[in-house]
Every structure is written in C-alpha cells, then in structure tokens.
2 protein chains.
Amino acid sequence: MAICVVGHSNPDTDSVTSAIALATLLNAQGQEAKACMQSAVDNLNPESTMVLERFGLTAPEEVTDVAGQDVALVDFSDIGQGPANLADANVVTIVDHHKIGDVTTNNPILFRAEPVGCTGTVLNKMFKEAGVAIPKDIAGGMLAAILSDTVNFKSPTCTEDDKVAVSELKVVAGVDDTEALFMDMLKAKSSVDGVPAKDLLFRDYKDFDMKGNKVGVGQLELATIDQVAAIRDDLVKAMEEVKADGRHSVLLMLTDVVKEGTDLVVLSDDTALIEGAFSGKLEGGSMWIDGMMSRKKQTVPNLQNAFGC
Amino acid sequence: MAICVVGHSNPDTDSVTSAIALATLLNAQGQEAKACMQSAVDNLNPESTMVLERFGLTAPEEVTDVAGQDVALVDFSDIGQGPANLADANVVTIVDHHKIGDVTTNNPILFRAEPVGCTGTVLNKMFKEAGVAIPKDIAGGMLAAILSDTVNFKSPTCTEDDKVAVSELKVVAGVDDTEALFMDMLKAKSSVDGVPAKDLLFRDYKDFDMKGNKVGVGQLELATIDQVAAIRDDLVKAMEEVKADGRHSVLLMLTDVVKEGTDLVVLSDDTALIEGAFSGKLEGGSMWIDGMMSRKKQTVPNLQNAFGC
C-alpha cells in the first residue's frame, strides 16, 4: 500500500507541492508513495492551481480519510489539521516548518521540522542529503512555495536557508526571474473577481483553540487593500456567519503585500482583548497594523498571549 | 540564559554524550547552551561514567527542574521522561531517534528525529550539515553512544546510517579498535561486583501497562550469563519483592551480548501467558530465547500481543 503523503487542510501551495516533492523523494528511496491533498482539484486555491499549471505538475489526488493507511505529513503536525481518522493511521514521516503539534507515534520515524519559512526549504535539503536530483517541474513547485510562504522574502518567517533554497531551486527549475513569478502568483492569489465572500474568507483560514475559546483567523494577501473595497461588507457578513457557529472571535487579515502591513478586521465577544493583543484601536471594525505579515509568527502568538495560553 | 540541553531520565550514554554534543553544536552556531543530565555525577551508570573518563569529557551538570528555562531535548520527546516542569519550559530544539512523544511547542523549532539506532548518529549528520568540526573528545563520546545503543551493531534498531557514523567518528576520535572499546564498555556496564541485587534489577528497568496489568521488565546486558550465576537467587528475591508491589509479572532479561540471546527470568501470575508470548518453556523459572536482544523491539511487543494490547 503506497504511503499517502498529505499536507494540512485548506491546502496552500507549500502543502500541495511539498506532498508532490516528498512522494517523489520517498519513491526515489524505494518507498512507494503518492501525493495527496485535502481538497478536490476544483476547489484548490487559485495560486496553487496557477503554480501546478505553470510547472506542468499533476495535482495530488484528494484524500479525506486515512484510517488504517500509512501516511506521511507535510507542512503540519497537528491531528486537527489532518484528514479524518489520522489518529488511526500509521504516520511514517513528518516534514514541517511549524510549531510542534500533537501527533505521536508508536515507533521511531523521521520527523524533520525546522524553523524556516517553508517546508519546501526543508525538502530541498533532504533531496541534497539523500543525493537525489530534484526533477525540474517539482523544483519549480518548491520554488513557488518558498516565494509564497515567505511573501517573496518579506515575511518575518523568512530565513537565510529559504534564500539559499530559492537560489538553488531556480537554477534547477529554469526560472530566471523569481520576482516575476512571485507577482504572477500574487495576482492569481489575490484575484477576488467573482469569488463569493465566504470562499475568500476560507481561502486561507484556520481555527485555533485559545484557552477553550474557538478563534478563527483568515488571511487574504492582496496587492492592494483596494481590491476588496467593494466587497468589504460581504466579507464581514461571511465572518458573522462563521462567528455565529460557536466562535469567540473571527479575524480576517487583509494583508497588503506591497505596503507590508495588515488591515485586521475583527468580530469578537471581547473586542478590547483583541485590541490589547495588538496594541491597536478598532475603527469601523478594523485596525491597520504596520508590518503585520505572518499569521503564524505575529497574529497567533499575540492572540495566545492575550488569551493567556 | 543558556539553553539547557538535556536527555531523558535514567540517563544512558547516548543521553549524556548527545547533550554534550548538541550543546557544543549550538554554541558553535552562536547559541549559548550547556550540557545537562537528569542524574548526579555519582549516580551515573558505570558505562557512561567509564565513557566520560575514557574520552576526558566533563560530566553534564545535574538538572531536576526546568520551569521557565529554554531547553533542548536529546534522545526523547515525551514530557514524562523530562525534568520536572518541562511543560512550563520553552523547548527550542529536539534531536531524537525514538517514537514521537507528546511534547508540543508554541513556535516553530528544529525537531530532528530519525529512525536510526542512536541520537549520536543524527547529531553526526547535523554537525556535517552545519559544517562544524566535531571536537575529538566529543566524537569519542558519540562513537561510544552508538556502539552502546546498537549493541555493537547487533541490535535490530541498528541501521546503515549508524555504521557510517561510527566509521566517520572513529577517525575523528582516534579510536582504531571499536570492538575493544565496546568490550571495555560492556565490562564496565555489566560489572556486578559488589552491587546489590535490587540495584542490578533496576539498572535498566521499566514498568508497562498491559491491558490494566502492571508488567515490569528489567534488562542486564552481560558479557556472559555466568557473571550473575552466584547472585541469581538474590536477583529472583529482588524480583519477588518488586512483583509483590501490585505487579502481574516481573521479567528480567539476562542478555548475553556475545552469544546474542537472552535468559529470560520470569515471575508471573500467568506463566503460561508469558511462555506463549515467546513460544518458550520455563525451566527453573527462566527460558533461553535465542536472538532476543532488544526490550523495545522484541520483548515488549511480544508481551503486548500476548496481553491483547
């Protein structure tokens, strides 16, 4: 039975391309593996769809339940972010760049997490260390993932290792201009034309448990906040619906990638707590936070501190 | 505040030398770190004491409580195997070769676990990847740890990576004859002269829950079973005392490292169950099981199957 290599729910470009890359590496090392994702091809976010097309990569197959299967996790190690019945699967490998989650195993396995900007950066090292050449198309996908996760090196999560990986992968992938690739991805990603507000909210959305309070945080990376001006009320309505489903707070980060800051839209049972978390003041339901680019490194840690986690 | 680099409770040679090695690597990478261990120097097991002396290594300082400290874990990732208040410490790095435990973090960290025979093998790779030369004395300690954990390559946990690491480390450490080093370690480890029977039983002892039954399994690795011939009755008496404290079974593995097998001494409420677990027949309270070397990979899984875990 082939190992199911899968990233987190609501897959992003790193989750998708890392599943492809690790499946390829495992196959090269004699372990039968297939790339999977927690999404139907048609529901994949526009950036990832564009990246797969650009580099001629086949989309991973959808997986929803992994009971009894051998699985390898990429880009997460929290049971809650995995497919159904992950706790009843046999986790054989984990490659990640996030905080250490609650997946445990009964046997020794390879668990490789590094505090870098992207799982693709870790995988690039693993290919090198294993002496396995990265196929050109997969190098392109990994390159795109690093540019996406590090917001073209501007995110505070970006490290020197990520820059080294990009410099190596661009050669293998035959990409001369990574700036142009990033802008093409940004345009695909930030396109809101004709997309329902709720789909935009869920484009990159995660729920967190904060001392027993359910807190949802979505992020839309935009070339300019003006892109969502016309649909702002619809976005708030979508947030209200999500909040009504038992959540203490729902936050939406409208991140201006060029200006390098976030307009943070907040719905909360305790707005003062959220304002305190970011030393800001809500006006008309949102506040501009200069320099806020990363949900993982900035928004979530501040919220955890405010909630006393 | 220096990072406290610490291995599991009841430290073995890998736990001790890996703490020294990782602290050295972190220091070389600009992070202030100190090697620690969950034992007073005087209580350290005889093999580890001999290894520290042989290579002129300073024993790590004892640590019992890590509340509020920055800590790096070597050779374990279970909160229960750490110092007191590990859950209130800030775990910054984990390097291991065991099953993935229940330590979680709030931030991305380096978590490097590999299914190899020894943490020293993983650390050897990390030094190489970081381009940091391993000091001669520390290479000796790491070499000894791999020989110990893999029982001189004979344990089923031993991998090709462990053999490669030994071949590299012996050059750095200036050790020509690893067989002789292993035999010296074995003699130190298996020395029973003047040691009370109960201390021998607890030299490497663990309790397990088997479907609600408490089962204790100790292991003594010996150069020859003859070493304990004169104190065999005392060992059984010590086992009887331990069993009387609410245990279903107490097993003592008298492992002959040269003959590669174990004389399994059994006290049990259900001897037929234990016999069935190993397809053996007790004679005079024990049975010889050819090839049995590893409690983790052989004895415990067979018991778990027999108890229906």
# chains A, B, ... in the order shown; residues from 1 in each chain; ligands from 1
$ calpha_fit_and_write --fixed "chain B" --moving "chain A" --output "short mmCIF file (atom, residue, chain, number, x, y, z; two decimals) with C-alpha atoms, in the first residue's frame"
data_model
loop_
_atom_site.label_atom_id
_atom_site.label_comp_id
_atom_site.auth_asym_id
_atom_site.auth_seq_id
_atom_site.Cartn_x
_atom_site.Cartn_y
_atom_site.Cartn_z
CA MET A 1 18.88 31.40 30.37
CA ALA A 2 20.83 28.52 28.86
CA ILE A 3 18.87 25.72 27.25
CA CYS A 4 18.97 22.60 29.42
CA VAL A 5 19.84 19.68 27.10
CA VAL A 6 18.78 16.46 28.78
CA GLY A 7 18.25 12.77 28.02
CA HIS A 8 15.84 10.28 29.57
CA SER A 9 15.71 9.11 33.17
CA ASN A 10 18.12 6.33 34.14
CA PRO A 11 20.55 7.81 31.65
CA ASP A 12 22.61 5.52 29.42
CA THR A 13 25.70 6.41 27.42
CA ASP A 14 23.67 7.72 24.47
CA SER A 15 21.57 9.98 26.72
CA VAL A 16 24.66 11.40 28.39
CA THR A 17 26.93 11.88 25.38
CA SER A 18 24.06 13.12 23.18
CA ALA A 19 23.29 15.83 25.76
CA ILE A 20 26.94 16.91 25.60
CA ALA A 21 26.98 16.77 21.79
CA LEU A 22 23.73 18.68 21.21
CA ALA A 23 24.66 21.35 23.78
CA THR A 24 27.95 21.80 21.90
CA LEU A 25 26.17 22.02 18.53
CA LEU A 26 23.63 24.55 19.87
CA ASN A 27 26.41 26.66 21.38
CA ALA A 28 28.28 26.57 18.06
CA GLN A 29 25.09 27.84 16.41
CA GLY A 30 24.81 30.74 18.84
CA GLN A 31 22.27 29.30 21.26
CA GLU A 32 23.45 29.15 24.87
CA ALA A 33 23.01 25.58 26.08
CA LYS A 34 24.34 23.29 28.79
CA ALA A 35 24.48 19.51 28.98
CA CYS A 36 22.39 17.98 31.79
CA MET A 37 21.43 14.51 32.94
CA GLN A 38 18.85 12.94 35.23
CA SER A 39 21.43 11.43 37.55
CA ALA A 40 24.05 12.49 40.02
CA VAL A 41 27.57 11.86 38.74
CA ASP A 42 28.10 9.26 41.45
CA ASN A 43 25.03 7.29 40.39
CA LEU A 44 25.83 7.17 36.69
CA ASN A 45 26.06 3.65 35.27
CA PRO A 46 29.59 2.19 35.08
CA GLU A 47 29.73 2.10 31.27
CA SER A 48 28.89 5.79 30.92
CA THR A 49 31.28 6.69 33.72
CA MET A 50 34.06 4.77 31.94
CA VAL A 51 33.26 6.46 28.60
CA LEU A 52 33.36 9.96 30.10
CA GLU A 53 36.71 9.16 31.71
CA ARG A 54 38.17 7.50 28.63
CA PHE A 55 37.52 10.55 26.43
CA GLY A 56 38.10 13.21 29.09
CA LEU A 57 34.53 14.50 28.96
CA THR A 58 32.98 16.48 31.81
CA ALA A 59 29.87 14.81 33.21
CA PRO A 60 26.66 16.78 32.53
CA GLU A 61 25.19 18.51 35.58
CA GLU A 62 22.28 16.84 37.34
CA VAL A 63 18.80 18.20 36.66
CA THR A 64 15.64 17.02 38.42
CA ASP A 65 13.06 19.74 37.70
CA VAL A 66 12.72 21.85 34.55
CA ALA A 67 9.64 23.95 35.35
CA GLY A 68 9.74 27.15 33.30
CA GLN A 69 13.04 26.30 31.65
CA ASP A 70 14.00 26.06 27.99
CA VAL A 71 14.85 22.42 27.40
CA ALA A 72 16.14 20.30 24.54
CA LEU A 73 15.41 16.57 24.71
CA VAL A 74 17.80 13.90 23.49
CA ASP A 75 17.09 10.18 23.18
CA PHE A 76 13.41 10.40 24.25
CA SER A 77 10.15 12.22 23.56
CA ASP A 78 7.91 10.84 26.32
CA ILE A 79 6.93 13.26 29.09
CA GLY A 80 7.11 10.37 31.57
CA GLN A 81 10.80 9.84 30.87
CA GLY A 82 11.72 13.47 31.46
CA PRO A 83 12.61 15.51 34.54
CA ALA A 84 9.81 16.73 36.85
CA ASN A 85 7.52 19.40 35.37
CA LEU A 86 8.61 18.80 31.80
CA ALA A 87 5.04 19.62 30.79
CA ASP A 88 5.61 23.13 32.22
CA ALA A 89 8.90 23.63 30.41
CA ASN A 90 9.47 25.15 26.98
CA VAL A 91 10.71 22.35 24.73
CA VAL A 92 12.83 23.97 22.01
CA THR A 93 14.43 20.94 20.30
CA ILE A 94 14.11 17.14 20.24
CA VAL A 95 16.65 14.71 18.77
CA ASP A 96 15.82 11.03 19.13
CA HIS A 97 15.77 7.54 17.63
CA HIS A 98 12.84 6.00 19.55
CA LYS A 99 9.11 5.78 18.93
CA ILE A 100 7.34 9.16 18.90
CA GLY A 101 6.20 10.05 22.41
CA ASP A 102 3.62 12.39 23.85
CA VAL A 103 5.59 15.64 24.12
CA THR A 104 3.75 18.42 22.28
CA THR A 105 4.69 22.08 21.82
CA ASN A 106 2.95 25.41 21.29
CA ASN A 107 5.40 26.55 18.65
CA PRO A 108 7.27 25.04 15.71
CA ILE A 109 10.57 23.49 16.83
CA LEU A 110 13.27 21.22 15.47
CA PHE A 111 12.15 17.61 16.03
CA ARG A 112 14.60 15.19 14.46
CA ALA A 113 13.92 11.52 15.07
CA GLU A 114 15.23 8.79 12.81
CA PRO A 115 14.76 5.02 12.96
CA VAL A 116 18.46 4.36 13.50
CA GLY A 117 20.34 2.61 16.29
CA CYS A 118 21.48 5.63 18.28
CA THR A 119 20.81 9.33 18.82
CA GLY A 120 24.55 9.86 18.30
CA THR A 121 24.10 8.78 14.68
CA VAL A 122 21.45 11.47 14.14
CA LEU A 123 23.63 14.08 15.84
CA ASN A 124 26.61 13.17 13.65
CA LYS A 125 24.46 14.01 10.62
CA MET A 126 23.31 17.27 12.21
CA PHE A 127 26.89 18.40 12.86
CA LYS A 128 27.76 17.65 9.23
CA GLU A 129 24.69 19.39 7.85
CA ALA A 130 25.40 22.45 10.02
CA GLY A 131 29.06 22.49 8.93
CA VAL A 132 30.21 22.35 12.56
CA ALA A 133 33.31 20.27 13.37
CA ILE A 134 32.83 17.75 16.17
CA PRO A 135 35.45 18.19 18.93
CA LYS A 136 37.65 15.10 19.32
CA ASP A 137 36.51 14.24 22.86
CA ILE A 138 32.82 14.53 21.95
CA ALA A 139 33.30 12.39 18.83
CA GLY A 140 34.70 9.73 21.16
CA GLY A 141 31.61 9.89 23.36
CA MET A 142 29.26 9.70 20.36
CA LEU A 143 31.24 6.77 18.94
CA ALA A 144 30.99 4.91 22.25
CA ALA A 145 27.23 5.59 22.41
CA ILE A 146 26.65 4.06 18.96
CA LEU A 147 28.71 0.97 19.82
CA SER A 148 26.75 0.65 23.07
CA ASP A 149 23.25 1.17 21.62
CA THR A 150 23.87 -1.13 18.65
CA VAL A 151 25.71 -3.71 20.78
CA ASN A 152 28.70 -3.41 18.47
CA PHE A 153 26.42 -3.52 15.37
CA LYS A 154 24.74 -6.76 16.48
CA SER A 155 21.41 -5.30 17.63
CA PRO A 156 18.50 -5.49 15.17
CA THR A 157 18.16 -1.72 15.70
CA CYS A 158 21.51 -1.18 13.97
CA THR A 159 21.34 0.42 10.52
CA GLU A 160 23.78 1.27 7.76
CA ASP A 161 23.66 4.88 8.99
CA ASP A 162 25.08 3.79 12.36
CA LYS A 163 27.98 2.02 10.68
CA VAL A 164 28.71 5.08 8.55
CA ALA A 165 28.67 7.29 11.65
CA VAL A 166 31.10 5.01 13.47
CA SER A 167 33.46 4.98 10.48
CA GLU A 168 33.47 8.79 10.49
CA LEU A 169 33.57 9.37 14.25
CA LYS A 170 36.44 6.94 14.91
CA VAL A 171 38.67 9.06 12.68
CA VAL A 172 37.74 12.29 14.47
CA ALA A 173 38.09 10.64 17.88
CA GLY A 174 41.39 8.96 17.00
CA VAL A 175 40.11 5.50 17.94
CA ASP A 176 41.74 2.79 15.81
CA ASP A 177 40.15 -0.30 17.35
CA THR A 178 36.42 0.02 17.99
CA GLU A 179 36.22 -3.68 18.91
CA ALA A 180 38.60 -3.08 21.80
CA LEU A 181 36.66 0.01 22.87
CA PHE A 182 33.42 -1.99 22.82
CA MET A 183 34.91 -4.81 24.90
CA ASP A 184 36.23 -2.29 27.45
CA MET A 185 32.74 -0.79 27.66
CA LEU A 186 31.17 -4.22 27.97
CA LYS A 187 33.50 -5.13 30.80
CA ALA A 188 32.70 -1.90 32.63
CA LYS A 189 28.98 -2.27 31.95
CA SER A 190 28.63 -5.89 32.88
CA SER A 191 30.70 -5.75 36.01
CA VAL A 192 28.50 -6.90 38.87
CA ASP A 193 31.19 -7.13 41.50
CA GLY A 194 29.94 -5.69 44.76
CA VAL A 195 26.89 -4.05 43.18
CA PRO A 196 23.61 -4.57 45.12
CA ALA A 197 21.02 -6.63 43.20
CA LYS A 198 18.47 -3.80 43.19
CA ASP A 199 21.01 -1.45 41.63
CA LEU A 200 21.68 -4.05 38.94
CA LEU A 201 17.96 -4.39 38.24
CA PHE A 202 17.70 -0.62 37.85
CA ARG A 203 20.90 -0.30 35.82
CA ASP A 204 18.81 -0.14 32.62
CA TYR A 205 15.17 -0.35 33.68
CA LYS A 206 11.97 1.14 32.26
CA ASP A 207 8.29 0.98 33.23
CA PHE A 208 5.64 0.72 30.54
CA ASP A 209 1.88 1.10 30.57
CA MET A 210 0.33 -1.91 28.83
CA LYS A 211 -3.42 -1.40 28.56
CA GLY A 212 -3.55 -0.10 32.11
CA ASN A 213 -1.09 -2.68 33.47
CA LYS A 214 2.23 -1.44 34.77
CA VAL A 215 5.02 -3.59 33.35
CA GLY A 216 8.69 -3.09 34.22
CA VAL A 217 11.49 -4.35 31.99
CA GLY A 218 15.14 -4.27 33.03
CA GLN A 219 18.10 -5.38 30.97
CA LEU A 220 21.59 -6.44 31.98
CA GLU A 221 23.98 -6.87 29.10
CA LEU A 222 26.60 -9.43 30.03
CA ALA A 223 29.67 -10.94 28.47
CA THR A 224 28.31 -14.24 29.85
CA ILE A 225 25.24 -15.15 31.92
CA ASP A 226 27.59 -16.88 34.38
CA GLN A 227 28.51 -13.41 35.67
CA VAL A 228 25.21 -13.27 37.61
CA ALA A 229 24.94 -16.97 38.58
CA ALA A 230 25.92 -16.31 42.18
CA ILE A 231 23.49 -13.42 42.68
CA ARG A 232 20.52 -14.76 40.70
CA ASP A 233 18.36 -15.30 43.80
CA ASP A 234 19.12 -11.77 44.98
CA LEU A 235 18.04 -10.40 41.60
CA VAL A 236 14.71 -12.26 41.81
CA LYS A 237 14.18 -10.90 45.33
CA ALA A 238 14.81 -7.36 44.05
CA MET A 239 12.30 -7.99 41.24
CA GLU A 240 9.74 -9.23 43.78
CA GLU A 241 10.07 -5.99 45.75
CA VAL A 242 9.61 -3.89 42.61
CA LYS A 243 6.67 -6.00 41.45
CA ALA A 244 4.96 -5.64 44.85
CA ASP A 245 4.73 -1.90 44.17
CA GLY A 246 1.66 -2.18 41.92
CA ARG A 247 3.17 -3.88 38.89
CA HIS A 248 1.48 -6.59 36.77
CA SER A 249 4.83 -7.96 35.66
CA VAL A 250 8.53 -7.37 36.11
CA LEU A 251 10.92 -8.80 33.52
CA LEU A 252 14.69 -8.87 33.62
CA MET A 253 16.58 -9.48 30.39
CA LEU A 254 19.92 -11.16 31.12
CA THR A 255 21.40 -10.62 27.68
CA ASP A 256 24.46 -12.59 26.62
CA VAL A 257 26.07 -10.25 24.14
CA VAL A 258 28.52 -12.85 22.86
CA LYS A 259 25.99 -15.68 22.42
CA GLU A 260 23.41 -13.15 21.15
CA GLY A 261 20.42 -14.18 23.19
CA THR A 262 18.60 -13.41 26.43
CA ASP A 263 17.74 -15.37 29.52
CA LEU A 264 14.42 -13.70 30.33
CA VAL A 265 13.56 -13.75 34.04
CA VAL A 266 9.82 -13.28 34.60
CA LEU A 267 7.63 -12.36 37.56
CA SER A 268 4.03 -11.88 36.47
CA ASP A 269 0.39 -12.04 37.50
CA ASP A 270 -0.13 -13.91 34.22
CA THR A 271 2.90 -16.00 33.31
CA ALA A 272 0.99 -17.70 30.48
CA LEU A 273 0.53 -14.29 28.81
CA ILE A 274 4.27 -13.61 29.00
CA GLU A 275 5.14 -17.09 27.74
CA GLY A 276 2.73 -16.56 24.84
CA ALA A 277 4.28 -13.19 24.06
CA PHE A 278 7.62 -14.87 23.36
CA SER A 279 6.40 -18.35 22.30
CA GLY A 280 8.51 -19.73 25.12
CA LYS A 281 8.19 -21.86 28.26
CA LEU A 282 9.39 -20.70 31.65
CA GLU A 283 11.60 -23.11 33.54
CA GLY A 284 12.62 -22.14 37.02
CA GLY A 285 11.23 -18.67 36.41
CA SER A 286 13.12 -17.87 33.22
CA MET A 287 13.38 -18.78 29.54
CA TRP A 288 16.22 -18.50 27.03
CA ILE A 289 15.23 -16.60 23.91
CA ASP A 290 17.72 -16.95 21.12
CA GLY A 291 18.47 -13.76 19.22
CA MET A 292 16.73 -11.44 21.71
CA MET A 293 19.01 -8.43 22.11
CA SER A 294 16.80 -5.33 22.03
CA ARG A 295 14.21 -4.36 24.62
CA LYS A 296 12.85 -1.68 22.29
CA LYS A 297 12.57 -3.68 19.07
CA GLN A 298 11.88 -7.16 20.42
CA THR A 299 10.76 -7.40 24.03
CA VAL A 300 8.43 -4.39 24.29
CA PRO A 301 6.61 -4.85 20.91
CA ASN A 302 5.97 -8.54 21.74
CA LEU A 303 4.61 -7.54 25.15
CA GLN A 304 2.43 -4.81 23.63
CA ASN A 305 0.96 -7.32 21.18
CA ALA A 306 0.30 -9.84 23.96
CA PHE A 307 -1.40 -7.17 26.12
CA GLY A 308 -3.44 -6.02 23.11
CA CYS A 309 -1.99 -2.48 23.03
#
$ select_by_dssp --residues "stretch 19-235 of chain A" --states "helix (DSSP H, G or I)" --output "PyMOL selection string"
chain A and resi 19-28+41-43+46-54+79-81+86-88+119-130+136-149+160-173+178-190+197-201+225-235
$ select_by_dssp --residues "stretch 91-199 of chain A" --states "strand (DSSP E)" --output "PyMOL selection string"
chain A and resi 91-96+110-113
